[in-house]
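Content type mmCIF, N, CA and C atoms, from the file final_9.cif:
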```cif
data_structure
#
loop_
_atom_site.label_atom_id
_atom_site.label_comp_id
_atom_site.auth_asym_id
_atom_site.auth_seq_id
_atom_site.Cartn_x
_atom_site.Cartn_y
_atom_site.Cartn_z
N MET A 1 108.81 81.95 82.82
CA MET A 1 108.10 82.93 83.61
C MET A 1 107.40 83.91 82.66
N GLN A 2 106.17 84.22 82.98
CA GLN A 2 105.41 85.15 82.16
C GLN A 2 105.50 86.56 82.74
N THR A 3 105.63 87.55 81.88
CA THR A 3 105.70 88.94 82.30
C THR A 3 104.47 89.67 81.79
N VAL A 4 103.86 90.46 82.66
CA VAL A 4 102.69 91.25 82.31
C VAL A 4 103.02 92.71 82.53
N GLN A 5 102.73 93.56 81.56
CA GLN A 5 102.97 94.99 81.71
C GLN A 5 101.64 95.72 81.61
N PHE A 6 101.50 96.78 82.39
CA PHE A 6 100.32 97.63 82.32
C PHE A 6 100.73 99.04 82.66
N GLN A 7 99.87 99.99 82.33
CA GLN A 7 100.15 101.40 82.59
C GLN A 7 99.19 101.93 83.64
N THR A 8 99.69 102.83 84.45
CA THR A 8 98.86 103.47 85.45
C THR A 8 99.34 104.90 85.68
N ASN A 9 98.43 105.74 86.06
CA ASN A 9 98.78 107.13 86.37
C ASN A 9 99.24 107.27 87.81
N LYS A 10 99.07 106.25 88.61
CA LYS A 10 99.40 106.32 90.04
C LYS A 10 100.76 105.68 90.31
N SER A 11 101.54 106.33 91.14
CA SER A 11 102.82 105.75 91.55
C SER A 11 102.58 104.77 92.70
N ILE A 12 103.57 103.95 92.99
CA ILE A 12 103.42 102.99 94.08
C ILE A 12 103.27 103.72 95.41
N GLU A 13 103.88 104.89 95.53
CA GLU A 13 103.72 105.68 96.76
C GLU A 13 102.28 106.14 96.94
N GLU A 14 101.64 106.55 95.84
CA GLU A 14 100.23 106.94 95.90
C GLU A 14 99.35 105.76 96.28
N LEU A 15 99.66 104.60 95.75
CA LEU A 15 98.89 103.40 96.07
C LEU A 15 99.04 103.04 97.54
N ARG A 16 100.25 103.17 98.06
CA ARG A 16 100.50 102.86 99.47
C ARG A 16 99.72 103.79 100.41
N LYS A 17 99.45 105.02 99.99
CA LYS A 17 98.72 105.98 100.81
C LYS A 17 97.21 105.87 100.66
N SER A 18 96.75 105.18 99.65
CA SER A 18 95.32 105.10 99.34
C SER A 18 94.63 104.03 100.19
N SER A 19 93.70 104.45 101.03
CA SER A 19 92.96 103.48 101.84
C SER A 19 92.08 102.60 100.96
N TYR A 20 91.59 103.14 99.85
CA TYR A 20 90.78 102.36 98.90
C TYR A 20 91.59 101.20 98.34
N HIS A 21 92.82 101.49 97.88
CA HIS A 21 93.67 100.44 97.31
C HIS A 21 94.10 99.43 98.37
N LYS A 22 94.36 99.90 99.58
CA LYS A 22 94.72 98.98 100.66
C LYS A 22 93.59 97.99 100.93
N GLN A 23 92.36 98.49 101.01
CA GLN A 23 91.23 97.62 101.30
C GLN A 23 90.94 96.67 100.15
N LEU A 24 90.94 97.18 98.92
CA LEU A 24 90.72 96.32 97.76
C LEU A 24 91.83 95.29 97.63
N GLY A 25 93.07 95.71 97.87
CA GLY A 25 94.20 94.77 97.84
C GLY A 25 94.06 93.66 98.87
N ARG A 26 93.63 94.02 100.08
CA ARG A 26 93.39 93.01 101.13
C ARG A 26 92.30 92.03 100.72
N ASN A 27 91.24 92.56 100.13
CA ASN A 27 90.13 91.69 99.71
C ASN A 27 90.54 90.73 98.59
N VAL A 28 91.31 91.22 97.64
CA VAL A 28 91.78 90.38 96.54
C VAL A 28 92.75 89.33 97.07
N CYS A 29 93.64 89.73 97.96
CA CYS A 29 94.58 88.80 98.56
C CYS A 29 93.84 87.71 99.33
N ALA A 30 92.84 88.09 100.11
CA ALA A 30 92.06 87.11 100.88
C ALA A 30 91.33 86.15 99.96
N ALA A 31 90.77 86.66 98.86
CA ALA A 31 90.08 85.79 97.91
C ALA A 31 91.05 84.80 97.28
N PHE A 32 92.26 85.26 96.98
CA PHE A 32 93.27 84.37 96.40
C PHE A 32 93.66 83.28 97.40
N ILE A 33 93.93 83.66 98.64
CA ILE A 33 94.31 82.69 99.67
C ILE A 33 93.19 81.68 99.89
N ALA A 34 91.96 82.15 99.99
CA ALA A 34 90.82 81.26 100.22
C ALA A 34 90.68 80.25 99.07
N GLN A 35 90.85 80.72 97.86
CA GLN A 35 90.74 79.83 96.71
C GLN A 35 91.88 78.81 96.69
N GLN A 36 93.11 79.25 96.96
CA GLN A 36 94.27 78.36 96.92
C GLN A 36 94.25 77.33 98.04
N GLN A 37 93.80 77.74 99.23
CA GLN A 37 93.83 76.84 100.38
C GLN A 37 92.50 76.14 100.62
N GLY A 38 91.48 76.50 99.87
CA GLY A 38 90.17 75.88 100.03
C GLY A 38 89.53 76.22 101.37
N THR A 39 89.77 77.45 101.83
CA THR A 39 89.21 77.88 103.10
C THR A 39 88.14 78.93 102.86
N ARG A 40 87.47 79.31 103.94
CA ARG A 40 86.48 80.37 103.87
C ARG A 40 87.18 81.72 103.75
N LEU A 41 86.48 82.67 103.18
CA LEU A 41 87.04 84.00 102.96
C LEU A 41 87.39 84.68 104.28
N ASP A 42 86.54 84.54 105.29
CA ASP A 42 86.84 85.20 106.58
C ASP A 42 88.06 84.59 107.25
N THR A 43 88.29 83.30 107.06
CA THR A 43 89.49 82.65 107.60
C THR A 43 90.74 83.16 106.88
N ALA A 44 90.67 83.26 105.57
CA ALA A 44 91.80 83.74 104.78
C ALA A 44 92.11 85.20 105.13
N TYR A 45 91.08 85.98 105.36
CA TYR A 45 91.27 87.40 105.67
C TYR A 45 92.10 87.58 106.93
N LYS A 46 91.93 86.69 107.90
CA LYS A 46 92.67 86.77 109.16
C LYS A 46 94.17 86.48 108.98
N LYS A 47 94.53 85.81 107.89
CA LYS A 47 95.92 85.41 107.66
C LYS A 47 96.76 86.52 107.01
N ILE A 48 96.12 87.59 106.60
CA ILE A 48 96.82 88.66 105.89
C ILE A 48 97.48 89.60 106.88
N GLU A 49 98.76 89.82 106.68
CA GLU A 49 99.52 90.71 107.56
C GLU A 49 99.42 92.15 107.07
N GLU A 50 99.66 93.07 107.97
CA GLU A 50 99.72 94.50 107.63
C GLU A 50 101.18 94.92 107.59
N PRO A 51 101.59 95.80 106.77
CA PRO A 51 100.82 96.39 105.69
C PRO A 51 100.72 95.44 104.51
N ILE A 52 99.72 95.67 103.68
CA ILE A 52 99.51 94.84 102.51
C ILE A 52 100.66 95.07 101.53
N GLY A 53 101.09 94.05 100.84
CA GLY A 53 102.24 94.16 99.94
C GLY A 53 101.95 94.94 98.66
N ASP A 54 103.01 95.40 98.03
CA ASP A 54 102.90 96.19 96.80
C ASP A 54 102.21 95.42 95.68
N LEU A 55 102.44 94.10 95.60
CA LEU A 55 101.80 93.30 94.56
C LEU A 55 100.29 93.44 94.63
N TRP A 56 99.74 93.36 95.85
CA TRP A 56 98.29 93.43 96.02
C TRP A 56 97.77 94.84 95.77
N LEU A 57 98.57 95.85 96.05
CA LEU A 57 98.17 97.22 95.73
C LEU A 57 98.13 97.41 94.21
N LEU A 58 99.11 96.86 93.52
CA LEU A 58 99.12 96.93 92.06
C LEU A 58 97.95 96.15 91.46
N MET A 59 97.65 94.99 92.03
CA MET A 59 96.49 94.22 91.56
C MET A 59 95.21 95.00 91.77
N ALA A 60 95.10 95.69 92.91
CA ALA A 60 93.92 96.52 93.18
C ALA A 60 93.77 97.61 92.11
N GLU A 61 94.88 98.23 91.71
CA GLU A 61 94.83 99.27 90.69
C GLU A 61 94.45 98.69 89.33
N ILE A 62 94.97 97.52 88.99
CA ILE A 62 94.60 96.87 87.73
C ILE A 62 93.09 96.59 87.73
N ILE A 63 92.59 96.06 88.82
CA ILE A 63 91.16 95.76 88.92
C ILE A 63 90.34 97.04 88.82
N ARG A 64 90.77 98.09 89.51
CA ARG A 64 90.05 99.36 89.44
C ARG A 64 90.01 99.89 88.02
N GLN A 65 91.14 99.82 87.33
CA GLN A 65 91.19 100.29 85.95
C GLN A 65 90.25 99.49 85.06
N GLN A 66 90.27 98.17 85.20
CA GLN A 66 89.46 97.31 84.35
C GLN A 66 87.96 97.50 84.62
N CYS A 67 87.61 97.74 85.87
CA CYS A 67 86.20 97.90 86.23
C CYS A 67 85.65 99.28 85.86
N PHE A 68 86.43 100.31 86.12
CA PHE A 68 85.90 101.66 85.98
C PHE A 68 86.32 102.38 84.72
N GLU A 69 87.38 101.95 84.08
CA GLU A 69 87.82 102.62 82.86
C GLU A 69 87.55 101.79 81.63
N GLY A 70 87.09 100.57 81.81
CA GLY A 70 86.77 99.71 80.68
C GLY A 70 87.97 98.91 80.23
N ALA A 71 87.74 97.66 79.90
CA ALA A 71 88.80 96.75 79.52
C ALA A 71 89.50 97.18 78.23
N GLY A 72 88.81 97.90 77.37
CA GLY A 72 89.39 98.30 76.09
C GLY A 72 90.29 99.51 76.19
N THR A 73 90.22 100.29 77.28
CA THR A 73 90.99 101.52 77.35
C THR A 73 92.11 101.48 78.37
N ALA A 74 92.00 100.69 79.40
CA ALA A 74 93.01 100.67 80.46
C ALA A 74 94.29 100.04 79.96
N GLY A 75 95.38 100.76 80.13
CA GLY A 75 96.68 100.23 79.78
C GLY A 75 96.99 100.21 78.30
N ALA A 76 96.17 100.87 77.50
CA ALA A 76 96.42 100.89 76.07
C ALA A 76 97.69 101.67 75.78
N SER A 77 98.48 101.17 74.85
CA SER A 77 99.72 101.87 74.53
C SER A 77 99.39 103.16 73.79
N GLY A 78 100.21 104.17 74.03
CA GLY A 78 100.01 105.44 73.38
C GLY A 78 99.05 106.36 74.11
N GLU A 79 98.68 106.03 75.33
CA GLU A 79 97.80 106.91 76.10
C GLU A 79 98.51 108.21 76.41
N ALA A 80 97.78 109.29 76.37
CA ALA A 80 98.35 110.59 76.72
C ALA A 80 98.45 110.71 78.22
N GLY A 81 99.36 111.53 78.68
CA GLY A 81 99.48 111.75 80.12
C GLY A 81 100.73 111.12 80.68
N GLY A 82 100.92 111.29 81.96
CA GLY A 82 102.13 110.83 82.63
C GLY A 82 101.99 109.41 83.15
N THR A 83 101.74 108.46 82.29
CA THR A 83 101.60 107.09 82.74
C THR A 83 102.96 106.46 82.93
N SER A 84 103.04 105.56 83.89
CA SER A 84 104.25 104.80 84.09
C SER A 84 103.93 103.34 83.86
N ILE A 85 104.86 102.60 83.30
CA ILE A 85 104.64 101.19 82.99
C ILE A 85 105.12 100.36 84.17
N LYS A 86 104.27 99.47 84.65
CA LYS A 86 104.58 98.56 85.74
C LYS A 86 104.76 97.16 85.14
N THR A 87 105.67 96.39 85.70
CA THR A 87 105.92 95.03 85.24
C THR A 87 105.75 94.06 86.38
N ILE A 88 105.00 93.00 86.17
CA ILE A 88 104.82 91.95 87.17
C ILE A 88 105.34 90.66 86.57
N GLN A 89 106.19 89.96 87.32
CA GLN A 89 106.71 88.67 86.87
C GLN A 89 106.31 87.60 87.86
#
```
Written as structure tokens, how would this file's structure read?
Amino acid sequence: MQTVQFQTNKSIEELRKSSYHKQLGRNVCAAFIAQQQGTRLDTAYKKIEEPIGDLWLLMAEIIRQQCFEGAGTAGASGEAGGTSIKTIQ
């Protein structure tokens, strides 16, 4: 099993309250389902239950960091501030 670690300034509670992260998480989840099942995106979107799971909220935050903060700076070790390390297995 592979383990991936990343840093974020947002707690899981903050992610759960964020409508932005909920929507991005739903979209990423739907894209994953559509790709895995070979279905259309709108069909996959209908299969997603509410509330969206924590994994997809964390994926949304990783994507947001990579897109808006740059791949070279997001999750770099030694960042200043109150970052918390998240682990996905």
Given the file above and the PyMOL selection byres ((chain A and resi 10-19) around 8), which residues are selected, and can you give them as a list in words? Gln7, Thr8, Asn9, Tyr20, His21, Lys22, Gln23, Leu24, Gly25, Asp54, Leu57, Leu58, Glu61, Gly82, Thr83 and Ser84 of chain A
Spell out the residues picked by the PyMOL selection byres ((chain A and resi 45) around 8) here, as a PyMOL selection string. chain A and resi 26-27+29-31+33-34+40-44+46-49
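Atom N of Thr3 of chain A to atom C of Met59 of chain A spans 16.2 Å [interatomic distance, one decimal].
Atom CA of Phe6 of chain A lies 7.9 Å from atom CA of Ile62 of chain A.
Picture a line from atom C of Ile52 of chain A to atom N of Phe32 of chain A; it runs 13.7 Å.
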Could you work out an axis-aligned box for segment 32-38 of chain A, taking every atom the file lists and adding 4 Å on each side, and report centre and edge lengths in Å to one decimal, as JSON?
```
{"center_x": 91.9, "center_y": 80.6, "center_z": 98.9, "size_x": 12.8, "size_y": 17.4, "size_z": 13.0}
```
